[in-house]
Each structure stands twice: as C-alpha cells, then as structure tokens.
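S.K.: structure_4.cif is reproduced in full below (mmCIF, C-alpha atoms).
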```
data_protein
loop_
_atom_site.group_PDB
_atom_site.id
_atom_site.type_symbol
_atom_site.label_atom_id
_atom_site.label_comp_id
_atom_site.auth_asym_id
_atom_site.auth_seq_id
_atom_site.Cartn_x
_atom_site.Cartn_y
_atom_site.Cartn_z
ATOM 1 C CA MET A 1228 62.466 74.990 100.695
ATOM 2 C CA ASP A 1229 60.204 77.701 102.037
ATOM 3 C CA ILE A 1230 61.261 80.583 104.277
ATOM 4 C CA SER A 1231 60.071 78.889 107.474
ATOM 5 C CA ARG A 1232 62.331 75.926 106.711
ATOM 6 C CA ALA A 1233 65.225 78.309 105.999
ATOM 7 C CA ASN A 1234 64.563 80.029 109.342
ATOM 8 C CA SER A 1235 64.717 76.699 111.170
ATOM 9 C CA LEU A 1236 68.122 75.684 109.809
ATOM 10 C CA SER A 1237 71.010 75.426 112.239
ATOM 11 C CA TYR A 1238 73.880 77.850 111.729
ATOM 12 C CA GLU A 1239 75.947 75.233 109.895
ATOM 13 C CA ASP A 1240 73.064 74.106 107.704
ATOM 14 C CA PHE A 1241 72.099 77.697 106.900
ATOM 15 C CA VAL A 1242 75.662 78.568 105.874
ATOM 16 C CA ASN A 1243 75.965 75.357 103.843
ATOM 17 C CA THR A 1244 72.659 76.048 102.109
ATOM 18 C CA PHE A 1245 73.273 79.715 101.312
ATOM 19 C CA GLU A 1246 77.091 79.771 101.085
ATOM 20 C CA ASN A 1247 77.172 80.435 97.351
ATOM 21 C CA VAL A 1248 74.357 82.952 96.876
ATOM 22 C CA ILE A 1249 77.285 85.354 96.838
ATOM 23 C CA GLU A 1250 79.931 83.456 94.870
ATOM 24 C CA LYS A 1251 82.397 81.681 97.170
ATOM 25 C CA ALA A 1252 81.479 83.992 100.066
ATOM 26 C CA PRO A 1253 79.948 81.881 102.864
ATOM 27 C CA LEU A 1254 80.805 84.731 105.240
ATOM 28 C CA VAL A 1255 77.771 86.605 103.895
ATOM 29 C CA ALA A 1256 75.416 83.744 104.778
ATOM 30 C CA ALA A 1257 77.085 83.457 108.182
ATOM 31 C CA ALA A 1258 76.618 87.180 108.800
ATOM 32 C CA VAL A 1259 72.895 87.230 108.032
ATOM 33 C CA TRP A 1260 71.994 84.032 109.905
ATOM 34 C CA SER A 1261 71.655 85.941 113.182
ATOM 35 C CA HIS A 1262 68.889 88.105 111.675
ATOM 36 C CA ARG A 1263 66.465 85.169 111.596
ATOM 37 C CA PRO A 1264 63.587 84.743 111.503
ATOM 38 C CA PHE A 1265 63.040 86.315 108.110
ATOM 39 C CA ALA A 1266 59.431 87.206 107.383
ATOM 40 C CA ASN A 1267 59.882 86.256 103.745
ATOM 41 C CA LEU A 1268 62.415 85.832 100.976
ATOM 42 C CA SER A 1269 62.504 89.576 100.350
ATOM 43 C CA GLU A 1270 63.662 90.210 103.914
ATOM 44 C CA LEU A 1271 66.417 87.600 103.623
ATOM 45 C CA GLU A 1272 67.580 89.200 100.386
ATOM 46 C CA ALA A 1273 67.394 92.680 101.941
ATOM 47 C CA ARG A 1274 69.644 91.566 104.817
ATOM 48 C CA ILE A 1275 72.217 90.230 102.376
ATOM 49 C CA VAL A 1276 72.125 93.439 100.342
ATOM 50 C CA GLU A 1277 72.394 95.496 103.530
ATOM 51 C CA PHE A 1278 75.456 93.508 104.594
ATOM 52 C CA ILE A 1279 77.129 94.070 101.218
ATOM 53 C CA ASP A 1280 76.252 97.765 101.147
ATOM 54 C CA LYS A 1281 77.831 98.299 104.579
ATOM 55 C CA LEU A 1282 81.145 96.774 103.519
ATOM 56 C CA PRO A 1283 84.056 99.142 102.936
ATOM 57 C CA GLU A 1284 85.085 99.509 99.296
ATOM 58 C CA GLU A 1285 87.899 96.975 99.822
ATOM 59 C CA GLY A 1286 85.369 94.455 101.119
ATOM 60 C CA LYS A 1287 83.177 94.967 98.076
ATOM 61 C CA GLU A 1288 86.185 94.406 95.853
ATOM 62 C CA GLY A 1289 86.873 91.220 97.811
ATOM 63 C CA ILE A 1290 83.389 89.964 96.938
ATOM 64 C CA LEU A 1291 84.048 90.790 93.289
ATOM 65 C CA ARG A 1292 87.361 88.904 93.370
ATOM 66 C CA CYS A 1293 85.544 85.732 94.493
ATOM 67 C CA HIS A 1294 83.931 85.472 91.055
ATOM 68 C CA PRO A 1295 85.532 83.507 88.231
ATOM 69 C CA ASP A 1296 86.363 84.940 84.840
ATOM 70 C CA LEU A 1297 83.567 84.464 82.343
ATOM 71 C CA ALA A 1298 84.518 81.706 79.911
ATOM 72 C CA GLY A 1299 87.850 81.476 81.723
ATOM 73 C CA ARG A 1300 90.085 78.650 82.868
ATOM 74 C CA ASP A 1301 87.660 77.444 85.535
ATOM 75 C CA LEU A 1302 84.967 76.914 82.904
ATOM 76 C CA GLN A 1303 87.445 75.113 80.614
ATOM 77 C CA ARG A 1304 88.713 72.923 83.491
ATOM 78 C CA GLY A 1305 85.260 72.229 84.909
ATOM 79 C CA THR A 1306 86.193 73.734 88.285
ATOM 80 C CA LEU A 1307 83.448 76.366 88.507
ATOM 81 C CA THR A 1308 80.864 76.192 91.260
ATOM 82 C CA ARG A 1309 77.746 74.387 90.070
ATOM 83 C CA ASP A 1310 75.857 77.688 90.064
ATOM 84 C CA SER A 1311 78.464 79.457 87.921
ATOM 85 C CA GLN A 1312 78.720 76.473 85.568
ATOM 86 C CA ASP A 1313 74.959 76.499 84.976
ATOM 87 C CA GLU A 1314 74.793 80.280 84.587
ATOM 88 C CA GLN A 1315 77.740 80.553 82.201
ATOM 89 C CA SER A 1316 76.556 77.592 80.123
ATOM 90 C CA GLN A 1317 73.053 79.030 79.865
ATOM 91 C CA ALA A 1318 74.513 82.325 78.600
ATOM 92 C CA GLY A 1319 76.530 80.525 75.922
ATOM 93 C CA MET A 1320 79.958 80.938 77.528
ATOM 94 C CA ALA A 1321 80.643 77.207 77.156
ATOM 95 C CA SER A 1322 80.031 77.337 73.404
ATOM 96 C CA LEU A 1323 82.079 80.297 72.253
ATOM 97 C CA THR A 1324 83.713 80.172 68.855
ATOM 98 C CA PRO A 1325 87.524 80.271 68.845
ATOM 99 C CA GLU A 1326 87.349 83.963 67.868
ATOM 100 C CA GLU A 1327 84.904 84.733 70.694
ATOM 101 C CA THR A 1328 87.078 82.804 73.140
ATOM 102 C CA GLU A 1329 90.135 84.828 72.158
ATOM 103 C CA ARG A 1330 88.208 88.110 72.387
ATOM 104 C CA MET A 1331 86.754 87.162 75.779
ATOM 105 C CA TYR A 1332 90.204 86.235 77.089
ATOM 106 C CA ARG A 1333 91.725 89.490 75.836
ATOM 107 C CA LEU A 1334 88.899 91.656 77.228
ATOM 108 C CA ASN A 1335 88.895 89.799 80.570
ATOM 109 C CA THR A 1336 92.660 90.225 80.885
ATOM 110 C CA GLU A 1337 92.514 93.949 80.117
ATOM 111 C CA TYR A 1338 89.572 94.412 82.487
ATOM 112 C CA LYS A 1339 91.280 92.626 85.398
ATOM 113 C CA ARG A 1340 94.487 94.564 84.800
ATOM 114 C CA ARG A 1341 92.533 97.833 84.894
ATOM 115 C CA PHE A 1342 90.296 97.124 87.905
ATOM 116 C CA GLY A 1343 91.941 94.336 89.909
ATOM 117 C CA PHE A 1344 88.856 92.100 89.904
ATOM 118 C CA PRO A 1345 87.040 90.048 87.244
ATOM 119 C CA PHE A 1346 84.206 91.370 85.118
ATOM 120 C CA ILE A 1347 80.895 90.495 86.790
ATOM 121 C CA ILE A 1348 77.593 90.307 84.975
ATOM 122 C CA CYS A 1349 74.458 88.316 85.703
ATOM 123 C CA ALA A 1350 74.940 85.688 83.005
ATOM 124 C CA LYS A 1351 71.382 84.373 83.409
ATOM 125 C CA MET A 1352 70.067 87.758 82.295
ATOM 126 C CA ASN A 1353 72.372 88.014 79.264
ATOM 127 C CA ASP A 1354 73.611 86.041 76.291
ATOM 128 C CA LYS A 1355 77.163 85.815 74.986
ATOM 129 C CA ALA A 1356 76.754 88.719 72.551
ATOM 130 C CA ALA A 1357 75.455 91.017 75.301
ATOM 131 C CA ILE A 1358 78.175 89.876 77.694
ATOM 132 C CA LEU A 1359 80.944 90.604 75.189
ATOM 133 C CA ARG A 1360 79.409 93.989 74.360
ATOM 134 C CA LYS A 1361 78.987 94.998 78.014
ATOM 135 C CA LEU A 1362 82.484 93.816 78.910
ATOM 136 C CA ALA A 1363 83.927 96.091 76.227
ATOM 137 C CA GLU A 1364 81.673 99.006 77.260
ATOM 138 C CA ARG A 1365 82.244 98.765 80.995
ATOM 139 C CA SER A 1366 86.018 98.542 80.578
ATOM 140 C CA GLY A 1367 85.911 102.302 79.988
ATOM 141 C CA ASN A 1368 84.379 103.047 83.413
ATOM 142 C CA ASP A 1369 86.351 104.510 86.276
ATOM 143 C CA LEU A 1370 87.043 102.271 89.283
ATOM 144 C CA ALA A 1371 84.244 103.604 91.513
ATOM 145 C CA LYS A 1372 81.603 103.282 88.793
ATOM 146 C CA GLU A 1373 82.773 99.806 87.816
ATOM 147 C CA ARG A 1374 82.902 98.591 91.417
ATOM 148 C CA LYS A 1375 79.278 99.735 91.785
ATOM 149 C CA CYS A 1376 78.280 98.067 88.503
ATOM 150 C CA GLY A 1377 79.943 94.830 89.613
ATOM 151 C CA ILE A 1378 78.239 94.867 93.015
ATOM 152 C CA ASP A 1379 74.873 95.581 91.375
ATOM 153 C CA GLU A 1380 75.411 92.505 89.186
ATOM 154 C CA VAL A 1381 76.387 90.435 92.254
ATOM 155 C CA LYS A 1382 73.057 91.433 93.813
ATOM 156 C CA LYS A 1383 71.157 90.280 90.702
ATOM 157 C CA ILE A 1384 72.985 86.944 90.772
ATOM 158 C CA CYS A 1385 72.229 86.609 94.489
ATOM 159 C CA SER A 1386 68.546 87.322 93.953
ATOM 160 C CA LEU A 1387 68.217 84.600 91.324
ATOM 161 C CA ARG A 1388 70.213 82.090 93.363
ATOM 162 C CA LEU A 1389 68.102 82.771 96.466
ATOM 163 C CA ARG A 1390 64.926 82.127 94.489
ATOM 164 C CA ASN A 1391 66.314 78.811 93.309
ATOM 165 C CA ILE A 1392 66.901 77.758 96.920
ATOM 166 C CA VAL A 1393 63.924 79.143 98.805
ATOM 167 C CA LEU A 1394 61.003 78.934 96.421
ATOM 168 C CA PRO A 1395 59.506 75.601 95.370
ATOM 169 C CA ASP A 1396 61.300 74.196 92.300
ATOM 170 C CA THR A 1397 58.109 73.294 90.497
ATOM 171 C CA GLN A 1398 56.781 76.855 90.551
ATOM 172 C CA HIS A 1399 59.730 79.239 90.597
ATOM 173 C CA LYS A 1400 62.928 77.569 89.381
ATOM 174 C CA LEU A 1401 64.843 80.110 87.302
#
```
Go through the file and emit its structure as structure tokens.
M.R.:
Amino acid sequence: MDISRANSLSYEDFVNTFENVIEKAPLVAAAVWSHRPFANLSELEARIVEFIDKLPEEGKEGILRCHPDLAGRDLQRGTLTRDSQDEQSQAGMASLTPEETERMYRLNTEYKRRFGFPFIICAKMNDKAAILRKLAERSGNDLAKERKCGIDEVKKICSLRLRNIVLPDTQHKL
C-alpha cells in the first residue's frame, strides 16, 4: 500500500495493519494513528521513533520484552509472529547445528538473567554467526547501554517492516 492508503485507514484497520511493526506492540500503532496524515513513509517512521523515544526506561524495556528469544522455544514450536519467523529463518536461526542451538540457548539465558529482557538484533541485517558473536559481545554491556542497543535494533526492525507494508511489493520488498 502507499502512504495515502495508509492515511485513509480507519483506526482499527490502521492498528491491524501496523500492529507488529514493533513486535507484539499494537499500542505503538494506536498511538501514532492520530498523527495522520503522514506526508510520507519517513514521517510515519519518525512518529513511531518519537513515541518510543519519549517512553520512560521501563516502557522501553516493555517493548524489548515483547520480542521472542532468537532461536528459542517460539521458533521451535512455530508460534512466532509471521514477521519474526521470516526474519529468524532468513538469518539462519531455524537451521542451527545442535552445538549452535545449545550455545544460543545458554547465551540467551545468561543475557535475559542479566538484563531482564531478550537479546534483540535486526535478524534481517545479520546472519547466525554475527548474531551469536554480537550476543556474546553485548552481554558485557551495562543495563543502560544494552537497553539503548536493544531499542536501536527495534527501530531497525520497525523500519524494515514498515517498508514491507507501505511500499509496493514489486519494487521494495525487503
């Protein structure tokens, strides 16, 4: 759909269309709907980013907690959102070796214990080797730095998901 079509959506249709640009957080789509009309996709994305940036730190952590573990139980059970399933599969998370699976589980568990939210990375912009490496590296961050890193990754994911919704599939599908 193009931006004019997005602008013309009812509240319910807008929320249903954009509910997962921030993983399992339809509240974000609901919050930005009132800012219509958007001049272009960049303005829609800027409003979403602005909403996230204005959240208190606890709210940002809430957004991070909406994300599934990479290569975790939801992937194994097939209960990921369609977006997450596609992104994780594309990054190779669905085809880990048994050793990689064990390492990912151990690192994810340690990370969540340390920070209280899952490790977030834009899977579409990484492969499994990079994801494993960055998970190990970022586990050494302090909470404030890691919260910021996670939110920055959420924004990258959002940007790609928005482009898959708003821009014509034949020209811009990522």
S.K.: Can you spell out as a short mmCIF file (atom, residue, chain, number, x, y, z; two decimals) with C-alpha atoms, keeping the file's coordinate frame the set of residues that the PyMOL selection byres ((chain A and resi 1368-1377) around 7) selects in the structure I just provided?
M.R.:
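Saved the output as part-v7.cif:
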```cif
data_model
loop_
_atom_site.label_atom_id
_atom_site.label_comp_id
_atom_site.auth_asym_id
_atom_site.auth_seq_id
_atom_site.Cartn_x
_atom_site.Cartn_y
_atom_site.Cartn_z
CA GLU A 1288 86.18 94.41 95.85
CA LEU A 1291 84.05 90.79 93.29
CA PHE A 1342 90.30 97.12 87.90
CA ILE A 1347 80.90 90.50 86.79
CA ILE A 1348 77.59 90.31 84.98
CA ARG A 1365 82.24 98.76 81.00
CA SER A 1366 86.02 98.54 80.58
CA GLY A 1367 85.91 102.30 79.99
CA ILE A 1378 78.24 94.87 93.02
CA ASP A 1379 74.87 95.58 91.38
CA GLU A 1380 75.41 92.50 89.19
CA VAL A 1381 76.39 90.44 92.25
#
```
S.K.: Return the single residue from A:Glu1277, A:Asp1313, A:Glu1246, A:Glu1364 that is closest to Ala1350 in chain A, with distances computed using all atoms listed in the file.
M.R.: A:Asp1313
S.K.: One decimal, Å: what's the distance from CA of Gln1315 in chain A over to CA of Cys1293 in chain A, could you say?
M.R.: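 Distance between the two atoms: 15.5 Å.
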S.K.: Given the file shown, enumerate the residues that the PyMOL selection byres ((chain A and resi 1302) around 9) captures and present them as a ChimeraX atom specification.
M.R.: /A:1295-1301,1303-1307,1311-1312,1315-1316,1320-1321
S.K.: Pick out the closest residue to Arg1232 in chain A from this set: A:Pro1264, A:Pro1325, A:Gly1319, A:Gly1289. Count all atoms listed in the file.
M.R.: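 Closest to Arg1232 in chain A, using all atoms listed in the file: A:Pro1264.
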S.K.: From the options A:Cys1349, A:Val1242, A:Leu1271, A:Leu1359, which residue's atoms come nearest to Glu1326 in chain A, counting only C-alpha atoms?
M.R.: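 For Glu1326 in chain A, the nearest of the given residues is A:Leu1359.
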S.K.: For each of A:Lys1355, A:Phe1245, A:Arg1274, A:Asp1240, take the minimum atom-to-atom distance to Asn1391 in chain A, counting all atoms listed in the file, then give the residue where this is smallest.
M.R.: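 For Asn1391 in chain A, the nearest of the given residues is A:Phe1245.
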S.K.: Just the number, please: distance in Å from CA of Asn1353 in chain A to CA of Ile1230 in chain A, one decimal.
M.R.: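 For CA of Asn1353 in chain A relative to CA of Ile1230 in chain A, the distance reads 28.4 Å.
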S.K.: Find the residues around Ile1275 in chain A up to 8 Å (only C-alpha atoms counted), leave out those fewer than 6 positions away in its own chain, and share them as a ChimeraX atom specification.
M.R.: /A:1255-1256,1259
S.K.: Give the answer as one residue: which of A:Ile1290, A:Met1352, A:Ile1392, A:Ala1363 has the shortest atom-to-atom distance to Glu1250 in chain A, using only C-alpha atoms?
M.R.: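 Between A:Ile1290, A:Met1352, A:Ile1392, A:Ala1363, the residue approaching Glu1250 in chain A most closely is A:Ile1290.
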S.K.: When distances are computed from all atoms listed in the file, which of A:Leu1323, A:Leu1394, A:Leu1362, A:Cys1385 shows the smallest separation from Lys1251 in chain A?
M.R.: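 Of A:Leu1323, A:Leu1394, A:Leu1362, A:Cys1385, the one nearest Lys1251 in chain A, counting all atoms listed in the file, is A:Cys1385.
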S.K.: Between CA of Met1228 in chain A and CA of Phe1241 in chain A, what distance in Å does the model show, to one decimal?
M.R.: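 Distance between the two atoms: 11.8 Å.
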S.K.: Starting from the sparse input, extend range 1378-1397 of chain A to N, CA, C and O atoms and give the output as a PDB file, in the coordinates of the input.
M.R.:
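Wrote it out as rebuild_2.pdb, contents follow:
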```
ATOM      1  N   ILE A1378      79.030  95.214  91.826  1.00  0.00           N
ATOM      2  CA  ILE A1378      78.239  94.867  93.015  1.00  0.00           C
ATOM      3  C   ILE A1378      76.753  94.783  92.664  1.00  0.00           C
ATOM      4  O   ILE A1378      76.046  93.886  93.149  1.00  0.00           O
ATOM      5  N   ASP A1379      76.271  95.667  91.810  1.00  0.00           N
ATOM      6  CA  ASP A1379      74.873  95.581  91.375  1.00  0.00           C
ATOM      7  C   ASP A1379      74.604  94.257  90.668  1.00  0.00           C
ATOM      8  O   ASP A1379      73.551  93.638  90.858  1.00  0.00           O
ATOM      9  N   GLU A1380      75.563  93.799  89.866  1.00  0.00           N
ATOM     10  CA  GLU A1380      75.411  92.505  89.186  1.00  0.00           C
ATOM     11  C   GLU A1380      75.458  91.351  90.186  1.00  0.00           C
ATOM     12  O   GLU A1380      74.712  90.386  90.063  1.00  0.00           O
ATOM     13  N   VAL A1381      76.326  91.448  91.195  1.00  0.00           N
ATOM     14  CA  VAL A1381      76.387  90.435  92.254  1.00  0.00           C
ATOM     15  C   VAL A1381      75.016  90.323  92.932  1.00  0.00           C
ATOM     16  O   VAL A1381      74.545  89.210  93.216  1.00  0.00           O
ATOM     17  N   LYS A1382      74.377  91.441  93.166  1.00  0.00           N
ATOM     18  CA  LYS A1382      73.057  91.433  93.813  1.00  0.00           C
ATOM     19  C   LYS A1382      72.012  90.757  92.930  1.00  0.00           C
ATOM     20  O   LYS A1382      71.137  90.035  93.426  1.00  0.00           O
ATOM     21  N   LYS A1383      72.081  90.957  91.621  1.00  0.00           N
ATOM     22  CA  LYS A1383      71.157  90.280  90.702  1.00  0.00           C
ATOM     23  C   LYS A1383      71.379  88.772  90.748  1.00  0.00           C
ATOM     24  O   LYS A1383      70.422  87.990  90.793  1.00  0.00           O
ATOM     25  N   ILE A1384      72.647  88.368  90.705  1.00  0.00           N
ATOM     26  CA  ILE A1384      72.985  86.944  90.772  1.00  0.00           C
ATOM     27  C   ILE A1384      72.462  86.353  92.078  1.00  0.00           C
ATOM     28  O   ILE A1384      71.834  85.289  92.094  1.00  0.00           O
ATOM     29  N   CYS A1385      72.694  87.057  93.172  1.00  0.00           N
ATOM     30  CA  CYS A1385      72.229  86.609  94.489  1.00  0.00           C
ATOM     31  C   CYS A1385      70.721  86.420  94.501  1.00  0.00           C
ATOM     32  O   CYS A1385      70.215  85.415  94.994  1.00  0.00           O
ATOM     33  N   SER A1386      70.003  87.388  93.971  1.00  0.00           N
ATOM     34  CA  SER A1386      68.546  87.322  93.953  1.00  0.00           C
ATOM     35  C   SER A1386      68.052  86.065  93.227  1.00  0.00           C
ATOM     36  O   SER A1386      67.175  85.346  93.731  1.00  0.00           O
ATOM     37  N   LEU A1387      68.633  85.787  92.074  1.00  0.00           N
ATOM     38  CA  LEU A1387      68.217  84.600  91.324  1.00  0.00           C
ATOM     39  C   LEU A1387      68.590  83.316  92.057  1.00  0.00           C
ATOM     40  O   LEU A1387      67.811  82.364  92.107  1.00  0.00           O
ATOM     41  N   ARG A1388      69.785  83.290  92.632  1.00  0.00           N
ATOM     42  CA  ARG A1388      70.213  82.090  93.363  1.00  0.00           C
ATOM     43  C   ARG A1388      69.344  81.858  94.594  1.00  0.00           C
ATOM     44  O   ARG A1388      69.007  80.713  94.914  1.00  0.00           O
ATOM     45  N   LEU A1389      68.986  82.919  95.305  1.00  0.00           N
ATOM     46  CA  LEU A1389      68.102  82.771  96.466  1.00  0.00           C
ATOM     47  C   LEU A1389      66.768  82.165  96.056  1.00  0.00           C
ATOM     48  O   LEU A1389      66.247  81.283  96.735  1.00  0.00           O
ATOM     49  N   ARG A1390      66.220  82.633  94.953  1.00  0.00           N
ATOM     50  CA  ARG A1390      64.926  82.127  94.489  1.00  0.00           C
ATOM     51  C   ARG A1390      65.011  80.653  94.091  1.00  0.00           C
ATOM     52  O   ARG A1390      64.033  79.926  94.215  1.00  0.00           O
ATOM     53  N   ASN A1391      66.152  80.227  93.641  1.00  0.00           N
ATOM     54  CA  ASN A1391      66.314  78.811  93.309  1.00  0.00           C
ATOM     55  C   ASN A1391      66.411  77.941  94.554  1.00  0.00           C
ATOM     56  O   ASN A1391      66.135  76.748  94.499  1.00  0.00           O
ATOM     57  N   ILE A1392      66.790  78.516  95.669  1.00  0.00           N
ATOM     58  CA  ILE A1392      66.901  77.758  96.920  1.00  0.00           C
ATOM     59  C   ILE A1392      65.600  77.795  97.705  1.00  0.00           C
ATOM     60  O   ILE A1392      65.118  76.770  98.174  1.00  0.00           O
ATOM     61  N   VAL A1393      65.027  78.970  97.870  1.00  0.00           N
ATOM     62  CA  VAL A1393      63.924  79.143  98.805  1.00  0.00           C
ATOM     63  C   VAL A1393      62.561  78.831  98.216  1.00  0.00           C
ATOM     64  O   VAL A1393      61.719  78.251  98.892  1.00  0.00           O
ATOM     65  N   LEU A1394      62.322  79.165  96.992  1.00  0.00           N
ATOM     66  CA  LEU A1394      61.003  78.934  96.421  1.00  0.00           C
ATOM     67  C   LEU A1394      60.895  77.518  95.866  1.00  0.00           C
ATOM     68  O   LEU A1394      61.885  76.945  95.434  1.00  0.00           O
ATOM     69  N   PRO A1395      59.689  76.967  95.875  1.00  0.00           N
ATOM     70  CA  PRO A1395      59.506  75.601  95.370  1.00  0.00           C
ATOM     71  C   PRO A1395      59.969  75.472  93.917  1.00  0.00           C
ATOM     72  O   PRO A1395      59.625  76.288  93.069  1.00  0.00           O
ATOM     73  N   ASP A1396      60.752  74.433  93.642  1.00  0.00           N
ATOM     74  CA  ASP A1396      61.300  74.196  92.300  1.00  0.00           C
ATOM     75  C   ASP A1396      60.225  74.146  91.239  1.00  0.00           C
ATOM     76  O   ASP A1396      60.396  74.665  90.145  1.00  0.00           O
ATOM     77  N   THR A1397      59.120  73.511  91.518  1.00  0.00           N
ATOM     78  CA  THR A1397      58.109  73.294  90.497  1.00  0.00           C
ATOM     79  C   THR A1397      57.429  74.583  90.060  1.00  0.00           C
ATOM     80  O   THR A1397      56.907  74.648  88.969  1.00  0.00           O
TER      81      THR A1397
END
```
